[in-house]
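Shown next: protein.txt, given as compact mmCIF, C-alpha atoms.
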```
# COMPACT_ATOMS: atom_id res chain seq x y z
CA PRO A 280 -75.29 94.79 142.61
CA ILE A 281 -76.85 94.06 146.03
CA ALA A 282 -79.56 96.27 147.51
CA LEU A 283 -78.97 96.96 151.21
CA GLY A 284 -82.60 96.21 151.97
CA GLU A 285 -82.32 92.63 150.66
CA PRO A 286 -81.23 89.74 152.93
CA ALA A 287 -77.85 89.54 151.21
CA GLY A 288 -77.39 93.30 151.62
CA LEU A 289 -78.28 93.18 155.31
CA TRP A 290 -75.80 90.30 155.81
CA LEU A 291 -73.05 92.19 153.95
CA GLY A 292 -73.73 95.42 155.85
CA THR A 293 -73.71 93.69 159.24
CA LEU A 294 -70.48 91.84 158.41
CA SER A 295 -68.83 95.09 157.27
CA VAL A 296 -69.78 96.92 160.47
CA LEU A 297 -68.44 94.07 162.60
CA GLY A 298 -65.21 94.02 160.59
CA VAL A 299 -64.65 97.76 161.01
CA ALA A 300 -65.41 97.52 164.74
CA ALA A 301 -62.97 94.61 165.16
CA ALA A 302 -60.24 96.49 163.27
CA ALA A 303 -60.80 99.60 165.39
CA TRP A 304 -60.52 97.54 168.58
CA LYS A 305 -57.37 95.69 167.49
CA LEU A 306 -55.52 98.66 165.97
CA LEU A 307 -56.62 101.55 168.19
CA LEU A 308 -58.08 100.38 171.52
CA TYR A 309 -56.39 97.06 172.31
CA PRO A 310 -52.80 98.47 172.41
CA ARG A 311 -53.98 101.04 174.98
CA LEU A 312 -56.46 99.08 177.08
CA ALA A 313 -55.05 95.54 177.14
CA HIS A 314 -52.98 94.54 180.16
CA HIS A 315 -49.36 94.92 179.10
CA GLY A 316 -46.03 96.42 180.03
CA GLU A 317 -43.05 97.90 178.24
CA TYR A 318 -39.75 96.04 178.57
CA GLU A 319 -36.16 96.32 177.47
CA VAL A 320 -34.00 93.40 176.36
CA VAL A 321 -31.14 93.21 178.88
CA GLU A 322 -29.60 89.84 178.00
CA VAL A 323 -29.45 87.73 174.84
CA SER A 324 -28.09 84.18 175.13
CA PRO A 325 -27.93 82.38 171.77
CA GLY A 326 -28.20 78.62 171.40
CA ALA A 327 -28.45 76.10 168.59
CA GLY A 328 -31.14 77.73 166.44
CA ALA A 329 -32.64 79.30 169.54
CA VAL A 330 -32.22 82.20 171.92
CA ARG A 331 -32.92 83.05 175.54
CA LEU A 332 -34.16 86.58 176.05
CA ARG A 333 -34.17 88.31 179.40
CA LEU A 334 -36.24 91.49 179.56
CA ALA A 335 -36.52 94.04 182.36
CA PRO A 336 -39.58 96.27 182.78
CA VAL A 337 -39.46 99.93 181.82
CA GLY A 338 -41.73 101.31 184.51
CA GLY A 339 -44.32 98.80 185.63
CA GLY A 340 -44.18 95.18 184.49
CA VAL A 341 -46.93 92.57 184.27
CA ALA A 342 -47.92 90.14 187.02
CA PHE A 343 -48.20 86.47 186.08
CA GLN A 344 -48.18 82.95 187.46
CA PRO A 345 -45.49 80.39 186.51
CA GLY A 346 -46.69 78.46 183.48
CA GLN A 347 -48.57 81.32 181.84
CA PHE A 348 -47.67 82.90 178.51
CA GLY A 349 -47.58 86.36 177.00
CA PHE A 350 -47.60 87.95 173.57
CA LEU A 351 -44.17 89.42 172.84
CA ARG A 352 -43.98 92.36 170.43
CA LEU A 353 -40.57 93.86 169.77
CA LYS A 354 -40.55 97.50 168.73
CA GLU A 355 -38.26 96.93 165.77
CA GLU A 356 -38.92 96.96 162.05
CA GLY A 357 -39.86 93.47 160.93
CA LEU A 358 -40.37 92.21 164.50
CA ARG A 359 -43.51 94.11 165.49
CA GLU A 360 -45.87 91.19 165.00
CA PRO A 361 -46.97 89.88 168.44
CA HIS A 362 -46.34 86.18 169.01
CA PRO A 363 -47.24 84.00 172.02
CA PHE A 364 -44.38 82.55 174.09
CA THR A 365 -44.47 80.87 177.47
CA ILE A 366 -42.72 82.88 180.18
CA ALA A 367 -39.70 80.78 181.16
CA SER A 368 -39.21 82.28 184.61
CA ALA A 369 -41.03 82.75 187.88
CA SER A 370 -41.93 86.17 189.22
CA GLN A 371 -38.83 88.12 190.25
CA GLU A 372 -38.46 91.13 192.53
CA ASN A 373 -37.14 93.30 189.71
CA GLY A 374 -39.98 92.21 187.41
CA ALA A 375 -37.68 90.65 184.80
CA VAL A 376 -39.01 87.89 182.55
CA GLU A 377 -37.34 85.34 180.31
CA PHE A 378 -38.30 83.57 177.09
CA PHE A 379 -36.75 80.58 175.34
CA ILE A 380 -37.48 80.97 171.63
CA ARG A 381 -36.60 78.48 168.89
CA GLY A 382 -36.50 79.48 165.23
CA LEU A 383 -39.26 77.32 163.76
CA GLY A 384 -40.62 79.72 161.13
CA ASP A 385 -39.75 82.87 159.23
CA PHE A 386 -40.65 85.20 162.08
CA THR A 387 -39.06 83.24 164.93
CA ARG A 388 -35.87 82.65 162.91
CA LYS A 389 -35.64 86.39 162.32
CA LEU A 390 -36.29 87.01 166.00
CA VAL A 391 -33.56 84.55 167.02
CA SER A 392 -30.98 86.06 164.66
CA GLU A 393 -31.74 89.77 165.16
CA SER A 394 -32.48 90.10 168.89
CA ARG A 395 -30.12 92.56 170.55
CA VAL A 396 -29.62 94.05 174.00
CA GLY A 397 -31.32 97.43 174.26
CA MET A 398 -34.34 96.62 172.10
CA ARG A 399 -37.69 97.69 173.51
CA ALA A 400 -40.72 95.42 173.56
CA ASP A 401 -44.32 95.22 174.73
CA ILE A 402 -45.47 92.11 176.56
CA TYR A 403 -49.22 91.48 176.68
CA ALA A 404 -49.86 89.14 179.60
CA PRO A 405 -50.83 87.09 181.47
CA HIS A 406 -52.67 84.45 179.45
CA GLY A 407 -53.31 80.75 179.95
CA HIS A 408 -54.21 78.40 182.79
CA PHE A 409 -51.38 75.86 182.63
CA LYS A 410 -51.06 74.78 186.26
CA ARG A 411 -49.72 71.94 188.34
CA PRO A 412 -52.36 69.50 189.63
CA GLU A 413 -53.65 70.11 193.13
CA ARG A 414 -53.41 66.40 193.93
CA ALA A 415 -51.39 63.63 192.34
CA GLY A 416 -49.77 60.36 193.31
CA HIS A 417 -46.94 61.40 191.00
CA GLU A 418 -46.46 64.35 188.66
CA VAL A 419 -44.94 63.81 185.23
CA TRP A 420 -43.78 66.82 183.23
CA VAL A 421 -43.02 66.18 179.56
CA ALA A 422 -41.15 68.88 177.64
CA GLY A 423 -40.29 68.86 173.95
CA GLY A 424 -37.59 71.32 172.87
CA ALA A 425 -38.58 74.88 173.71
CA GLY A 426 -41.56 73.37 175.51
CA ILE A 427 -39.28 73.24 178.54
CA SER A 428 -40.22 76.88 179.26
CA PRO A 429 -43.18 76.44 181.67
CA PHE A 430 -41.33 73.75 183.60
CA ILE A 431 -38.34 76.01 184.12
CA ALA A 432 -40.78 78.56 185.54
CA TRP A 433 -42.19 75.92 187.89
CA LEU A 434 -38.69 74.91 188.97
CA GLN A 435 -37.93 78.54 189.80
CA ASP A 436 -41.16 79.17 191.67
CA PRO A 437 -40.18 79.78 195.33
CA GLU A 438 -43.71 78.87 196.47
CA ALA A 439 -43.77 75.49 194.70
CA GLU A 440 -44.30 72.53 197.02
CA ALA A 441 -44.08 68.73 196.77
CA LEU A 442 -41.54 68.85 193.94
CA GLU A 443 -40.05 65.59 195.18
CA ARG A 444 -43.00 63.80 193.57
CA VAL A 445 -42.12 65.22 190.12
CA THR A 446 -40.37 63.51 187.21
CA LEU A 447 -39.38 65.78 184.31
CA PHE A 448 -38.83 64.19 180.90
CA TYR A 449 -36.79 66.50 178.67
CA CYS A 450 -37.13 65.44 175.02
CA TYR A 451 -34.62 67.07 172.68
CA THR A 452 -32.60 66.56 169.51
CA PRO A 453 -28.91 65.97 170.31
CA GLY A 454 -26.90 69.03 169.37
CA ARG A 455 -29.97 71.28 169.49
CA GLU A 456 -30.84 71.13 173.19
CA PHE A 457 -31.35 74.55 174.74
CA PRO A 458 -30.99 74.92 177.64
CA GLY A 459 -28.32 72.26 178.01
CA VAL A 460 -28.99 69.11 179.99
CA GLU A 461 -26.32 69.93 182.59
CA ALA A 462 -27.83 73.35 183.33
CA LEU A 463 -31.31 71.86 183.59
CA GLN A 464 -30.01 69.04 185.79
CA ALA A 465 -28.60 71.58 188.24
CA GLN A 466 -31.98 73.33 188.48
CA ALA A 467 -33.81 70.03 188.96
CA ASP A 468 -31.39 68.83 191.64
CA ALA A 469 -31.79 72.10 193.55
CA ARG A 470 -35.55 71.48 193.85
CA GLY A 471 -35.49 67.70 194.32
CA VAL A 472 -37.00 66.97 190.90
CA GLU A 473 -36.05 63.83 188.98
CA LEU A 474 -34.80 64.73 185.48
CA VAL A 475 -34.88 62.13 182.72
CA PRO A 476 -33.14 63.28 179.50
CA VAL A 477 -34.80 61.78 176.41
CA PRO A 478 -32.59 62.41 173.36
CA ALA A 479 -34.09 59.56 171.31
CA GLY A 480 -37.78 60.49 171.41
CA PRO A 481 -40.76 59.23 173.43
CA ASN A 482 -40.53 55.72 172.01
CA SER A 483 -37.10 55.25 173.55
CA ALA A 484 -36.54 52.96 176.53
CA ALA A 485 -35.58 55.93 178.71
CA PHE A 486 -39.11 57.31 178.42
CA ARG A 487 -41.21 54.14 178.21
CA GLU A 488 -39.53 52.26 181.04
CA ARG A 489 -39.45 55.11 183.54
CA LEU A 490 -43.08 56.09 182.84
CA ALA A 491 -44.08 52.43 183.30
CA GLU A 492 -42.22 52.30 186.61
CA ILE A 493 -44.06 55.40 187.81
CA ALA A 494 -47.43 53.94 186.78
CA HIS A 495 -46.66 50.87 188.92
CA GLU A 496 -45.22 52.74 191.90
CA VAL A 497 -48.50 54.60 192.43
CA PRO A 498 -52.01 53.91 191.11
CA ALA A 499 -51.99 54.64 187.38
CA ASP A 500 -55.05 56.87 187.66
CA SER A 501 -53.17 59.11 190.13
CA VAL A 502 -50.38 59.91 187.66
CA GLU A 503 -50.92 63.48 186.45
CA ILE A 504 -49.10 64.51 183.25
CA ARG A 505 -48.36 68.06 182.16
CA PHE A 506 -47.14 68.47 178.60
CA CYS A 507 -45.62 71.24 176.47
CA GLY A 508 -44.15 70.48 173.06
CA PRO A 509 -44.91 69.47 169.46
CA GLN A 510 -48.16 67.81 168.43
CA GLY A 511 -46.45 64.57 167.36
CA LEU A 512 -44.81 64.19 170.76
CA LYS A 513 -48.14 64.74 172.49
CA GLU A 514 -49.77 61.93 170.51
CA ALA A 515 -46.88 59.60 171.40
CA VAL A 516 -47.36 60.44 175.07
CA ARG A 517 -51.06 59.68 174.77
CA LYS A 518 -50.30 56.23 173.33
CA GLN A 519 -47.97 55.45 176.24
CA MET A 520 -50.65 56.60 178.69
CA GLU A 521 -53.22 54.32 177.07
CA ALA A 522 -50.85 51.36 177.29
CA LEU A 523 -50.33 52.00 181.01
CA ASP A 524 -54.02 52.67 181.82
CA ILE A 525 -53.36 56.30 182.71
CA PRO A 526 -56.65 58.15 182.01
CA ARG A 527 -56.63 60.63 179.13
CA ARG A 528 -58.16 63.24 181.44
CA ASN A 529 -54.88 63.22 183.42
CA LEU A 530 -53.05 64.90 180.53
CA ALA A 531 -53.10 68.71 180.48
CA TYR A 532 -51.40 71.04 178.01
CA GLU A 533 -51.57 74.59 176.71
CA TYR A 534 -53.45 75.13 173.45
CA PHE A 535 -51.06 77.08 171.20
CA ASP A 536 -52.61 76.41 167.77
CA PHE A 537 -53.51 80.03 167.05
CA ARG A 538 -54.71 80.86 163.55
```
This entry written out as structure tokens:
Amino acid sequence: PIALGEPAGLWLGTLSVLGVAAAAWKLLLYPRLAHHGEYEVVEVSPGAGAVRLRLAPVGGGVAFQPGQFGFLRLKEEGLREPHPFTIASASQENGAVEFFIRGLGDFTRKLVSESRVGMRADIYAPHGHFKRPERAGHEVWVAGGAGISPFIAWLQDPEAEALERVTLFYCYTPGREFPGVEALQAQADARGVELVPVPAGPNSAAFRERLAEIAHEVPADSVEIRFCGPQGLKEAVRKQMEALDIPRRNLAYEYFDFR
């Protein structure tokens, strides 16, 4: 019904060519040319509706910086769809990587329940630019649930400096925290980081009062906040920042809203 020589035909033809080219890149070229490595699941630690996966490289792994994320694709029926997860570990000599994954949808719930030692996976990485600030009067890390992942990587980073100026707020639902507060406390203590558990949400006194103290201990505009967690929690953090005159530009987070 549309002649290819007409404007609508030219538009349809161009769109079709671009679609075929994009499909060819994604299905044929990207799996071969994109930076990735093959891994094997060597440890599965289940939690409350979540799982910690430790994977070791089969051959060469991928290089990354703490705080970056990768697309994990398990080579199992029903789990082949690649999904982005923050790497919850620093670089290790044996190339192993870890992920904390919470079952929040159909795919992640299936991944949590069916992950087994011995499974093979491809990890496409590194991606993202989630970094600590170069300068700060005080660093505030705010984690919501599985959003603790990049901060665990920063805690493990042997090259990390000035961690004594860091306060880590760990927001979680009681009974669903993973990793547990005690395990996280041990990691924080080992690096001189102040850990503030927040089981009642960002509007609780534990969060509001300690953040206010920090904003008065140093100039408010020198408080740098790094965030990883749900959208609702991020908006609550922004409101607290506004009340304390901490500039909005001092909040950095990874953009995970892929569609």
Give me, as an mmCIF file with C-alpha atoms, in the frame of the given file, all polymer residues having an atom no more than 7 Å from region 425-438 of chain A, counting all atoms listed in the file and skipping those fewer than 6 positions away in the same chain.
```
data_model
loop_
_atom_site.group_PDB
_atom_site.id
_atom_site.type_symbol
_atom_site.label_atom_id
_atom_site.label_comp_id
_atom_site.auth_asym_id
_atom_site.auth_seq_id
_atom_site.Cartn_x
_atom_site.Cartn_y
_atom_site.Cartn_z
ATOM 1 C CA PRO A 345 -45.490 80.390 186.510
ATOM 2 C CA GLY A 346 -46.690 78.460 183.480
ATOM 3 C CA THR A 365 -44.470 80.870 177.470
ATOM 4 C CA ILE A 366 -42.720 82.880 180.180
ATOM 5 C CA ALA A 367 -39.700 80.780 181.160
ATOM 6 C CA SER A 368 -39.210 82.280 184.610
ATOM 7 C CA ALA A 369 -41.030 82.750 187.880
ATOM 8 C CA PHE A 379 -36.750 80.580 175.340
ATOM 9 C CA ILE A 380 -37.480 80.970 171.630
ATOM 10 C CA ARG A 381 -36.600 78.480 168.890
ATOM 11 C CA GLN A 466 -31.980 73.330 188.480
ATOM 12 C CA ALA A 467 -33.810 70.030 188.960
ATOM 13 C CA ARG A 470 -35.550 71.480 193.850
ATOM 14 C CA CYS A 507 -45.620 71.240 176.470
ATOM 15 C CA GLY A 508 -44.150 70.480 173.060
#
```
- request: Quick one: pull the distance between CA of Tyr534 (chain A) and CA of Leu447 (chain A), Å, one decimal.
  value: 20.1 Å
Distance query 7 Å from (-51.6, 85.0, 182.7) using all atoms listed in the file, result as a ChimeraX atom specification: /A:343-344,347-348,404-407
message: As an exercise, work out the distance from CA of Arg311 (chain A) to CA of Thr293 (chain A) in Å and give it to one decimal place.
response: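 Rounded to one decimal, the two atoms are 26.3 Å apart.
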Excluding same-chain residues fewer than 6 positions from Glu496 (chain A), what lies within 10 Å of it counting all atoms listed in the file, as a JSON list (two decimals) with C-alpha atoms, in the frame of the given file?
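Listing of out.json after writing:
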```json
[["chain", "number", "residue", "atom", "x", "y", "z"],
["A", 416, "GLY", "CA", -49.77, 60.36, 193.31],
["A", 417, "HIS", "CA", -46.94, 61.40, 191.00],
["A", 490, "LEU", "CA", -43.08, 56.09, 182.84],
["A", 502, "VAL", "CA", -50.38, 59.91, 187.66]]
```
